[in-house]
Amino acid sequence: MRLSAFLPVALLVPLACRQAPEPPPEPQVVARVEVSNPSSFTRPDTLVTFTLDELGVTDGPLQVWQGEAPRPTQLLDDDGDGHPDRLAFLADLGPAETVDYVIDRRASEEMPAPRTHAEVSIKEGGEWQGKTYVGGTFKDVEHVTAPPQCTDHSEYIRYEGPGIESDWVGYRIYLDWRNGFDIFGKKTAEPVLQNVGLDGYDSYHEMSDWGADILKVGESLGIGGFGTWDGTKTVLVSDVQERSTTIRADGPIYSAFEIEYKGWNTGTATVDLIADFSMHAGSPMVDVSLWTSEPLDNLAIGLVAHPDTEVLSGDLDITGQAWSYLATWGKQSLFGDDLGMVVLFKKIDFIEQTRDEASQVVVLRPRGKELSYAFGALWSGQGGGAGQQPGGVHTREELETFLKEEVERRTIPPRIRLETEASKVAQSLTPLQVSTQLAVTELARRGDSLADGGWDTMTSQPASWNYTTGLLAQAMDDLSTATGDQGYADWAQRTIGSYVADDGTIHTYDAGDYNIDQINSGKMLLRLYERTGDERYRKAINALAEQLAHHPRTSEGAFWHKQRYPHQLWLDGIYMGMPFLAGVGVLEGDEHKIEEAAREFSIAREHLRDPETGLYFHAWDEAKEQGWADPETGRSRYVWGRGLGWFAMALVDILDVIPEDRTEVRAPLVAMIPELAESLVRTQDETGVWFQIVDMPDEPGNYREASASAMFTYFLAKGVNQGYLPDTYAAAAKKAYAGLVAEFVSVHADGSYHLTNNCEVGGLGYGRDGSYRYYMSERVVEDDPKALGPAIMAGIQAEKLEA
């Protein structure tokens, strides 16, 4: 299928490939990076990584600089093919500080000190006698598969498995039936694992100058181990056909290894499991990524349960992508001193916290076949490594401070602005060419995965009838009209049509949820019915219209956002439902439906518009009962960019539907457009784009956000094109589109086009308290349909401005 007449545009020749003038040599710049600390506390040794692909290059050398000072930098070969895949560096960030860096091809004369290390060592030169390896000497290797006879205390693998350490602490994992996770408490920040266990097992169980093995694991999960939960106890990763481990990275600032378990018998299934473990300098935490060959809905992680220890549990009244923890504190080291241990996990994966005889346990349900979590130990006897408290953590209060900050570090990562030389090519294209390149990349990545029966990699869930698929389909359909390329419209029809049965039933849709988000894809049904006359589309339209006929409403007639969000009008829902409702009214000749759809905007203006700024708050609770709602007005507290973006797009879109001769219905909507446009232009950043919280650009953690910026660009450009705004707004619309491309469009080394800094989701209630911190805590991703769709649409409208 021909998707576009435009082929991916060749990247600019990297500056590194040009001959430098003499003298002095010009820096061979690859990219410029701005890193901002969203927190009120310092963040030393913050790990920042980029794929080489997103940097627009295919190989090194690469070095990160802060001014003329080199930052600790490392190239990572994640897949072990001998070629670098990622660049990693450490950023030191003061409270709410923003720091600029340059990535270029100059070599630094300063080599960063080794602060992490991963290794595995086996004996060579001896022989197996039963289950014991006799004689020989240890040798470091990159990969080892444990022989069938290898078990605990076989004396074949040095300290019984792979090890990993940072300047804070070290860990080892037993590569045998125990699969134990153990701690090496360190008294020094220097790497020590290379010297541990060379003289046998007993030595590292005695306290020495460097430290010692400090944890009694037994038949427990140890420090952050994993297994499955059978309802009463943890099933350890014991019954395994084969175990092997591979060192993936070894310092100086990042180290990692992998363990592959083949044929793990969980008691209910036999699966293969791959576990990746990584550490970076300046942190005691190990990040773990698990992949299983078949889905498991009862993975268990946890900590050994020692007597007389305190159990600490993190907040679970949080958003799904936010992190929480299970921790223990007390005199639980082998030497009787205080030791804190923690496992961190995302709320979205959480099922329950429990325990068995040996372990404190968190039961998790992966989304699909993948799960990520972290574990770490803080020992009161540890030494003073870079970035850590001298002498370690001594009190429960100090541990709680660490946990609070670690949760925030993970939930609200540093804000990144990346400007690559390769991406500048996008600024030379026409808006329609940029939209086409974004669409070509998206369809190449997605294929038909969003159709019924597919797997949505963005949400890690089965594909379903939802508003984002409808939004993306509409954008592709619009692009087909703009370019004349039927392939985009075919994709939209194939995707949306896959959900509609012959009798009009919509697969995966449940009208009983009374979820107005589910109405958005109905706009494509209206288009498809008009285009094809296929009665199954008409029947599906009727099904969605029937939901709206019975949908709960406020006392003034505004639609609740969902049944589970009673009495609440959200800006999002206006875009999702009202253009469709008006379209049904036109289709049926029902004037009342058209009027209802238009009245929703007036109700929103009355209750959500701030008369001082002209901007709209995210949501209104008529009952004034929600924790996020102002007790006097019922309004939420902040102007969320995408929420207002939905409203802005809905304003100019519904006027495409309402007949022009219905001037009395159209007039209030038309009047709102310049009123809103004036407020948006007033809050437009100097770059041309807008922030996540629109009117608080200087607040720590706030960031320039792509989806809202694309929506506002679309609104302004379409408003001018349709005559709803005077031509004087064309300059602001053009500035907005130029900023959208310069700030967010990223061209990778393979020529693909991507959109960065998308807020993944935003809502209120159920762990989302509507605070400023909440809006900062939602994950920032790239290529989310909620940003890509409006960006493609914005390019189409911006192209018309140039005509």
# chains A, B, ... in the order shown; residues from 1 in each chain; ligands from 1

call {"tool": "residues_around", "arguments": {"residues": "Gly330 in chain A", "least_positions_apart": "6", "cutoff": "10 Å", "atoms": "only C-alpha atoms", "output": "PDB file with all heavy atoms, in the first residue's frame"}}
result
ATOM      1  N   HIS A 306      12.736 -10.365  58.314  1.00  0.00           N
ATOM      2  CA  HIS A 306      13.496 -10.614  59.528  1.00  0.00           C
ATOM      3  C   HIS A 306      12.680 -10.191  60.751  1.00  0.00           C
ATOM      4  O   HIS A 306      11.877  -9.248  60.670  1.00  0.00           O
ATOM      5  CB  HIS A 306      14.817  -9.852  59.498  1.00  0.00           C
ATOM      6  CG  HIS A 306      15.841 -10.483  58.594  1.00  0.00           C
ATOM      7  ND1 HIS A 306      16.713  -9.742  57.849  1.00  0.00           N
ATOM      8  CD2 HIS A 306      16.119 -11.778  58.329  1.00  0.00           C
ATOM      9  CE1 HIS A 306      17.493 -10.557  57.151  1.00  0.00           C
ATOM     10  NE2 HIS A 306      17.147 -11.794  57.434  1.00  0.00           N
ATOM     11  N   PRO A 307      12.877 -10.840  61.877  1.00  0.00           N
ATOM     12  CA  PRO A 307      12.132 -10.450  63.087  1.00  0.00           C
ATOM     13  C   PRO A 307      12.563  -9.080  63.591  1.00  0.00           C
ATOM     14  O   PRO A 307      13.682  -8.620  63.314  1.00  0.00           O
ATOM     15  CB  PRO A 307      12.481 -11.556  64.088  1.00  0.00           C
ATOM     16  CG  PRO A 307      13.785 -12.109  63.611  1.00  0.00           C
ATOM     17  CD  PRO A 307      13.768 -12.008  62.117  1.00  0.00           C
ATOM     18  N   ASP A 308      11.680  -8.438  64.292  1.00  0.00           N
ATOM     19  CA  ASP A 308      11.978  -7.162  64.960  1.00  0.00           C
ATOM     20  C   ASP A 308      12.395  -6.072  63.982  1.00  0.00           C
ATOM     21  O   ASP A 308      13.285  -5.249  64.278  1.00  0.00           O
ATOM     22  CB  ASP A 308      13.067  -7.359  66.027  1.00  0.00           C
ATOM     23  CG  ASP A 308      12.673  -8.384  67.069  1.00  0.00           C
ATOM     24  OD1 ASP A 308      11.478  -8.420  67.427  1.00  0.00           O
ATOM     25  OD2 ASP A 308      13.553  -9.161  67.490  1.00  0.00           O
ATOM     26  N   THR A 309      11.770  -6.067  62.812  1.00  0.00           N
ATOM     27  CA  THR A 309      12.008  -4.987  61.849  1.00  0.00           C
ATOM     28  C   THR A 309      10.699  -4.267  61.570  1.00  0.00           C
ATOM     29  O   THR A 309       9.616  -4.833  61.715  1.00  0.00           O
ATOM     30  CB  THR A 309      12.582  -5.518  60.525  1.00  0.00           C
ATOM     31  OG1 THR A 309      11.680  -6.472  59.968  1.00  0.00           O
ATOM     32  CG2 THR A 309      13.938  -6.166  60.741  1.00  0.00           C
ATOM     33  N   GLU A 310      10.819  -3.011  61.209  1.00  0.00           N
ATOM     34  CA  GLU A 310       9.646  -2.206  60.872  1.00  0.00           C
ATOM     35  C   GLU A 310       9.375  -2.310  59.371  1.00  0.00           C
ATOM     36  O   GLU A 310      10.301  -2.287  58.559  1.00  0.00           O
ATOM     37  CB  GLU A 310       9.882  -0.745  61.233  1.00  0.00           C
ATOM     38  CG  GLU A 310      10.061  -0.477  62.711  1.00  0.00           C
ATOM     39  CD  GLU A 310      10.260   1.007  62.982  1.00  0.00           C
ATOM     40  OE1 GLU A 310       9.239   1.745  62.971  1.00  0.00           O
ATOM     41  OE2 GLU A 310      11.406   1.427  63.178  1.00  0.00           O
ATOM     42  N   VAL A 311       8.097  -2.376  59.023  1.00  0.00           N
ATOM     43  CA  VAL A 311       7.685  -2.406  57.624  1.00  0.00           C
ATOM     44  C   VAL A 311       7.101  -1.039  57.263  1.00  0.00           C
ATOM     45  O   VAL A 311       6.228  -0.519  57.965  1.00  0.00           O
ATOM     46  CB  VAL A 311       6.645  -3.510  57.370  1.00  0.00           C
ATOM     47  CG1 VAL A 311       6.169  -3.469  55.912  1.00  0.00           C
ATOM     48  CG2 VAL A 311       7.233  -4.875  57.699  1.00  0.00           C
ATOM     49  N   GLY A 336      24.272  -7.144  62.959  1.00  0.00           N
ATOM     50  CA  GLY A 336      23.455  -6.550  64.004  1.00  0.00           C
ATOM     51  C   GLY A 336      23.288  -5.061  63.924  1.00  0.00           C
ATOM     52  O   GLY A 336      22.818  -4.448  64.889  1.00  0.00           O
ATOM     53  N   ASP A 337      23.645  -4.453  62.794  1.00  0.00           N
ATOM     54  CA  ASP A 337      23.453  -3.009  62.685  1.00  0.00           C
ATOM     55  C   ASP A 337      22.266  -2.699  61.783  1.00  0.00           C
ATOM     56  O   ASP A 337      21.677  -3.580  61.166  1.00  0.00           O
ATOM     57  CB  ASP A 337      24.714  -2.279  62.211  1.00  0.00           C
ATOM     58  CG  ASP A 337      25.445  -3.025  61.110  1.00  0.00           C
ATOM     59  OD1 ASP A 337      24.834  -3.898  60.464  1.00  0.00           O
ATOM     60  OD2 ASP A 337      26.629  -2.734  60.885  1.00  0.00           O
ATOM     61  N   ASP A 338      21.898  -1.438  61.743  1.00  0.00           N
ATOM     62  CA  ASP A 338      20.688  -1.031  61.048  1.00  0.00           C
ATOM     63  C   ASP A 338      20.861  -1.146  59.537  1.00  0.00           C
ATOM     64  O   ASP A 338      21.883  -0.739  58.971  1.00  0.00           O
ATOM     65  CB  ASP A 338      20.313   0.406  61.412  1.00  0.00           C
ATOM     66  CG  ASP A 338      19.767   0.509  62.830  1.00  0.00           C
ATOM     67  OD1 ASP A 338      19.015  -0.397  63.226  1.00  0.00           O
ATOM     68  OD2 ASP A 338      20.087   1.493  63.526  1.00  0.00           O
ATOM     69  N   LEU A 339      19.812  -1.652  58.931  1.00  0.00           N
ATOM     70  CA  LEU A 339      19.804  -1.840  57.486  1.00  0.00           C
ATOM     71  C   LEU A 339      18.402  -1.526  56.964  1.00  0.00           C
ATOM     72  O   LEU A 339      17.411  -2.027  57.494  1.00  0.00           O
ATOM     73  CB  LEU A 339      20.179  -3.281  57.130  1.00  0.00           C
ATOM     74  CG  LEU A 339      20.044  -3.695  55.657  1.00  0.00           C
ATOM     75  CD1 LEU A 339      21.032  -2.919  54.782  1.00  0.00           C
ATOM     76  CD2 LEU A 339      20.248  -5.191  55.507  1.00  0.00           C
ATOM     77  N   GLY A 340      18.339  -0.678  55.955  1.00  0.00           N
ATOM     78  CA  GLY A 340      17.085  -0.408  55.278  1.00  0.00           C
ATOM     79  C   GLY A 340      17.074  -1.102  53.924  1.00  0.00           C
ATOM     80  O   GLY A 340      18.072  -1.090  53.199  1.00  0.00           O
ATOM     81  N   MET A 341      15.957  -1.731  53.596  1.00  0.00           N
ATOM     82  CA  MET A 341      15.801  -2.376  52.293  1.00  0.00           C
ATOM     83  C   MET A 341      14.491  -1.931  51.677  1.00  0.00           C
ATOM     84  O   MET A 341      13.509  -1.681  52.384  1.00  0.00           O
ATOM     85  CB  MET A 341      15.832  -3.905  52.435  1.00  0.00           C
ATOM     86  CG  MET A 341      17.145  -4.467  52.953  1.00  0.00           C
ATOM     87  SD  MET A 341      17.234  -6.269  52.861  1.00  0.00           S
ATOM     88  CE  MET A 341      16.039  -6.728  54.134  1.00  0.00           C
ATOM     89  N   HIS A 394      21.179   6.224  59.055  1.00  0.00           N
ATOM     90  CA  HIS A 394      21.262   5.775  60.441  1.00  0.00           C
ATOM     91  C   HIS A 394      19.915   5.641  61.138  1.00  0.00           C
ATOM     92  O   HIS A 394      19.825   4.994  62.182  1.00  0.00           O
ATOM     93  CB  HIS A 394      22.140   6.746  61.256  1.00  0.00           C
ATOM     94  CG  HIS A 394      23.589   6.668  60.896  1.00  0.00           C
ATOM     95  ND1 HIS A 394      24.170   7.463  59.940  1.00  0.00           N
ATOM     96  CD2 HIS A 394      24.575   5.857  61.372  1.00  0.00           C
ATOM     97  CE1 HIS A 394      25.456   7.171  59.846  1.00  0.00           C
ATOM     98  NE2 HIS A 394      25.724   6.201  60.691  1.00  0.00           N
ATOM     99  N   THR A 395      18.878   6.298  60.606  1.00  0.00           N
ATOM    100  CA  THR A 395      17.600   6.306  61.301  1.00  0.00           C
ATOM    101  C   THR A 395      16.466   6.022  60.325  1.00  0.00           C
ATOM    102  O   THR A 395      16.609   6.175  59.101  1.00  0.00           O
ATOM    103  CB  THR A 395      17.326   7.674  61.962  1.00  0.00           C
ATOM    104  OG1 THR A 395      17.176   8.668  60.937  1.00  0.00           O
ATOM    105  CG2 THR A 395      18.469   8.066  62.892  1.00  0.00           C
ATOM    106  N   ARG A 396      15.353   5.632  60.883  1.00  0.00           N
ATOM    107  CA  ARG A 396      14.161   5.429  60.052  1.00  0.00           C
ATOM    108  C   ARG A 396      13.792   6.721  59.349  1.00  0.00           C
ATOM    109  O   ARG A 396      13.365   6.712  58.184  1.00  0.00           O
ATOM    110  CB  ARG A 396      13.008   4.944  60.928  1.00  0.00           C
ATOM    111  CG  ARG A 396      11.670   4.945  60.206  1.00  0.00           C
ATOM    112  CD  ARG A 396      10.547   4.473  61.066  1.00  0.00           C
ATOM    113  NE  ARG A 396       9.251   4.768  60.418  1.00  0.00           N
ATOM    114  CZ  ARG A 396       8.157   4.092  60.626  1.00  0.00           C
ATOM    115  NH1 ARG A 396       8.147   3.092  61.474  1.00  0.00           N
ATOM    116  NH2 ARG A 396       7.041   4.421  60.007  1.00  0.00           N
TER     117      ARG A 396
END

call {"tool": "residues_around", "arguments": {"residues": "Leu571 in chain A", "least_positions_apart": "4", "cutoff": "10 Å", "atoms": "only C-alpha atoms", "output": "list of chain:residue names"}}
result
A:His561, A:Tyr575, A:Met576, A:Glu600, A:Phe601, A:Ala604, A:Arg605, A:Leu608, A:Tyr616, A:Phe617, A:His618, A:Ala619, A:Trp620, A:Trp640, A:Arg642, A:Gly643, A:Leu644, A:Gly645, A:Trp646, A:Phe647, A:Ala648, A:Ala650

call {"tool": "closest_residue", "arguments": {"among": "A:Leu788, A:Ala96, A:Leu215, A:Val500", "to": "Ser707 in chain A", "atoms": "only C-alpha atoms"}}
result
A:Leu788

call {"tool": "residues_around", "arguments": {"residues": "range 664-680 of chain A", "least_positions_apart": "3", "cutoff": "7 Å", "atoms": "only C-alpha atoms", "output": "PyMOL selection string"}}
result
chain A and resi 595+598+613-615+651+655+683-684+716+724-725

call {"tool": "write_last_selection", "arguments": {"atoms": "all heavy atoms", "output": "short mmCIF file (atom, residue, chain, number, x, y, z; two decimals), in the first residue's frame"}}
result
data_model
loop_
_atom_site.label_atom_id
_atom_site.label_comp_id
_atom_site.auth_asym_id
_atom_site.auth_seq_id
_atom_site.Cartn_x
_atom_site.Cartn_y
_atom_site.Cartn_z
N GLU A 595 -28.59 21.73 19.18
CA GLU A 595 -28.62 22.76 20.23
C GLU A 595 -27.98 22.26 21.52
O GLU A 595 -27.29 23.02 22.21
CB GLU A 595 -30.07 23.19 20.47
CG GLU A 595 -30.68 23.92 19.28
CD GLU A 595 -32.18 24.07 19.40
OE1 GLU A 595 -32.76 23.58 20.41
OE2 GLU A 595 -32.80 24.66 18.49
N ALA A 598 -24.20 22.41 21.21
CA ALA A 598 -23.69 23.78 21.29
C ALA A 598 -23.78 24.32 22.71
O ALA A 598 -22.89 25.06 23.17
CB ALA A 598 -24.45 24.68 20.32
N THR A 613 -8.03 35.61 33.41
CA THR A 613 -7.06 35.21 32.38
C THR A 613 -7.73 34.83 31.05
O THR A 613 -7.05 34.81 30.02
CB THR A 613 -6.24 34.01 32.85
OG1 THR A 613 -7.09 32.85 32.97
CG2 THR A 613 -5.57 34.29 34.19
N GLY A 614 -9.01 34.51 31.10
CA GLY A 614 -9.68 34.03 29.91
C GLY A 614 -9.41 32.58 29.59
O GLY A 614 -9.90 32.05 28.59
N LEU A 615 -8.62 31.91 30.42
CA LEU A 615 -8.30 30.51 30.24
C LEU A 615 -9.32 29.64 30.99
O LEU A 615 -10.04 30.14 31.86
CB LEU A 615 -6.88 30.22 30.74
CG LEU A 615 -5.76 31.01 30.07
CD1 LEU A 615 -4.44 30.78 30.80
CD2 LEU A 615 -5.63 30.63 28.59
N LEU A 651 -14.13 23.66 19.56
CA LEU A 651 -14.78 24.91 19.15
C LEU A 651 -14.75 25.08 17.63
O LEU A 651 -15.77 25.42 17.01
CB LEU A 651 -14.07 26.10 19.81
CG LEU A 651 -14.69 26.71 21.07
CD1 LEU A 651 -13.83 27.85 21.57
CD2 LEU A 651 -16.10 27.20 20.80
N LEU A 655 -18.11 23.68 14.40
CA LEU A 655 -18.66 24.61 13.43
C LEU A 655 -18.60 24.05 12.01
O LEU A 655 -19.31 24.55 11.12
CB LEU A 655 -17.91 25.95 13.51
CG LEU A 655 -18.17 26.74 14.79
CD1 LEU A 655 -17.21 27.92 14.91
CD2 LEU A 655 -19.62 27.22 14.84
N THR A 683 -0.37 33.85 26.56
CA THR A 683 0.43 32.87 27.32
C THR A 683 1.38 32.08 26.44
O THR A 683 2.03 31.15 26.92
CB THR A 683 -0.50 31.90 28.06
OG1 THR A 683 -1.41 31.30 27.12
CG2 THR A 683 -1.29 32.60 29.14
N GLN A 684 1.48 32.43 25.16
CA GLN A 684 2.38 31.72 24.24
C GLN A 684 3.82 32.00 24.62
O GLN A 684 4.23 33.14 24.83
CB GLN A 684 2.10 32.19 22.81
CG GLN A 684 2.79 31.40 21.73
CD GLN A 684 2.34 31.86 20.34
OE1 GLN A 684 1.84 32.98 20.16
NE2 GLN A 684 2.52 31.00 19.33
N LEU A 716 -5.65 27.97 16.30
CA LEU A 716 -5.37 29.30 15.76
C LEU A 716 -5.35 29.29 14.23
O LEU A 716 -5.94 30.16 13.58
CB LEU A 716 -4.03 29.81 16.30
CG LEU A 716 -3.97 30.14 17.79
CD1 LEU A 716 -2.54 30.43 18.21
CD2 LEU A 716 -4.88 31.33 18.11
N TYR A 724 -12.90 32.67 11.39
CA TYR A 724 -13.38 32.92 12.75
C TYR A 724 -12.46 33.88 13.49
O TYR A 724 -12.88 34.49 14.49
CB TYR A 724 -13.46 31.62 13.54
CG TYR A 724 -14.24 30.52 12.87
CD1 TYR A 724 -13.79 29.20 12.87
CD2 TYR A 724 -15.45 30.79 12.23
CE1 TYR A 724 -14.50 28.18 12.25
CE2 TYR A 724 -16.17 29.78 11.60
CZ TYR A 724 -15.68 28.48 11.62
OH TYR A 724 -16.39 27.48 11.00
N LEU A 725 -11.23 33.97 13.04
CA LEU A 725 -10.25 34.89 13.62
C LEU A 725 -9.77 35.84 12.53
O LEU A 725 -9.63 35.45 11.37
CB LEU A 725 -9.05 34.12 14.18
CG LEU A 725 -9.27 33.28 15.42
CD1 LEU A 725 -8.03 32.44 15.75
CD2 LEU A 725 -9.63 34.17 16.62
#

call {"tool": "residues_around", "arguments": {"residues": "range 777-781 of chain A", "least_positions_apart": "3", "cutoff": "7 Å", "atoms": "only C-alpha atoms", "output": "ChimeraX atom specification"}}
result
/A:321-322,411-412,756-762,773-774,784

call {"tool": "residues_around", "arguments": {"residues": "Ser752 in chain A", "least_positions_apart": "5", "cutoff": "8 Å", "atoms": "only C-alpha atoms", "output": "list in words"}}
result
Pro8, Gln437, Leu438, Thr441 and Val747 of chain A

call {"tool": "residues_around", "arguments": {"residues": "Ala146 in chain A", "least_positions_apart": "3", "cutoff": "10 Å", "atoms": "only C-alpha atoms", "output": "list in words"}}
result
Ile122, His143, Gln149, Cys150, Thr151, Tyr156, Ile157, Gly161, Leu175, Asp176, Glu242, Arg243, Ser244 and Thr245 of chain A

call {"tool": "closest_residue", "arguments": {"among": "A:Asp250, A:Thr505, A:Thr495, A:Arg172", "to": "Val141 in chain A", "atoms": "only C-alpha atoms"}}
result
A:Asp250

call {"tool": "closest_atom_pairs", "arguments": {"of": "range 668-701 of chain A", "to": "range 98-115 of chain A", "cutoff": "12 Å", "atoms": "only C-alpha atoms", "output": "tab-separated table"}}
result
residue	atom	partner	partner_atom	distance
A:Asp698	CA	A:Thr98	CA	11.5
A:Pro700	CA	A:Thr98	CA	9.6
A:Gly701	CA	A:Thr98	CA	10.1

call {"tool": "closest_residue", "arguments": {"among": "A:Leu587, A:Arg158, A:Glu357, A:Asp621", "to": "Ser555 in chain A", "atoms": "only C-alpha atoms"}}
result
A:Asp621

call {"tool": "select_by_dssp", "arguments": {"residues": "range 336-552 of chain A", "states": "strand (DSSP E or B)", "output": "JSON, numbers by chain"}}
result
{"A": [339, 340, 341, 342, 343, 344, 345, 346, 350, 351, 352, 353, 354, 355, 359, 360, 361, 362, 363, 364, 370, 371, 372, 373, 374, 375, 376, 377, 378, 379, 415, 416, 417, 418, 419, 420, 455, 456, 461, 462, 500, 506]}

call {"tool": "atom_distance", "arguments": {"atom1": "CA of Asp53 in chain A", "atom2": "CA of Arg86 in chain A"}}
result
8.2 Å

call {"tool": "closest_residue", "arguments": {"among": "A:Leu581, A:Ala275, A:Ile318, A:Val434", "to": "Ser372 in chain A", "atoms": "only C-alpha atoms"}}
result
A:Ala275

call {"tool": "residues_around", "arguments": {"residues": "range 269-272 of chain A", "least_positions_apart": "5", "cutoff": "6 Å", "atoms": "only C-alpha atoms", "output": "PyMOL selection string"}}
result
chain A and resi 261-264+292-293

call {"tool": "closest_residue", "arguments": {"among": "A:Gln360, A:Gly376, A:Gly136, A:Pro284", "to": "Ile223 in chain A", "atoms": "only C-alpha atoms"}}
result
A:Gly376

call {"tool": "decode", "arguments": {"residues": "range 404-426 of chain A", "atoms": "C-alpha atoms", "output": "PDB file, in the first residue's frame"}}
result
ATOM      1  CA  LYS A 404      10.286  10.165  49.515  1.00  0.00           C
ATOM      2  CA  GLU A 405      12.943  11.687  47.283  1.00  0.00           C
ATOM      3  CA  GLU A 406      13.564   8.468  45.343  1.00  0.00           C
ATOM      4  CA  VAL A 407       9.851   8.127  44.585  1.00  0.00           C
ATOM      5  CA  GLU A 408       9.810  11.707  43.316  1.00  0.00           C
ATOM      6  CA  ARG A 409      12.960  11.158  41.243  1.00  0.00           C
ATOM      7  CA  ARG A 410      11.255   8.269  39.472  1.00  0.00           C
ATOM      8  CA  THR A 411       7.738   9.670  39.253  1.00  0.00           C
ATOM      9  CA  ILE A 412       8.847  13.133  38.115  1.00  0.00           C
ATOM     10  CA  PRO A 413      12.072  12.667  36.128  1.00  0.00           C
ATOM     11  CA  PRO A 414      14.173  15.612  34.971  1.00  0.00           C
ATOM     12  CA  ARG A 415      12.737  17.714  32.171  1.00  0.00           C
ATOM     13  CA  ILE A 416      14.687  17.242  28.953  1.00  0.00           C
ATOM     14  CA  ARG A 417      14.869  19.474  25.898  1.00  0.00           C
ATOM     15  CA  LEU A 418      16.936  17.952  23.101  1.00  0.00           C
ATOM     16  CA  GLU A 419      17.951  19.817  19.958  1.00  0.00           C
ATOM     17  CA  THR A 420      19.872  17.680  17.477  1.00  0.00           C
ATOM     18  CA  GLU A 421      21.604  18.751  14.302  1.00  0.00           C
ATOM     19  CA  ALA A 422      19.788  15.965  12.470  1.00  0.00           C
ATOM     20  CA  SER A 423      16.355  17.293  13.464  1.00  0.00           C
ATOM     21  CA  LYS A 424      16.951  20.703  11.908  1.00  0.00           C
ATOM     22  CA  VAL A 425      16.034  19.246   8.530  1.00  0.00           C
ATOM     23  CA  ALA A 426      12.373  19.240   9.624  1.00  0.00           C
TER      24      ALA A 426
END
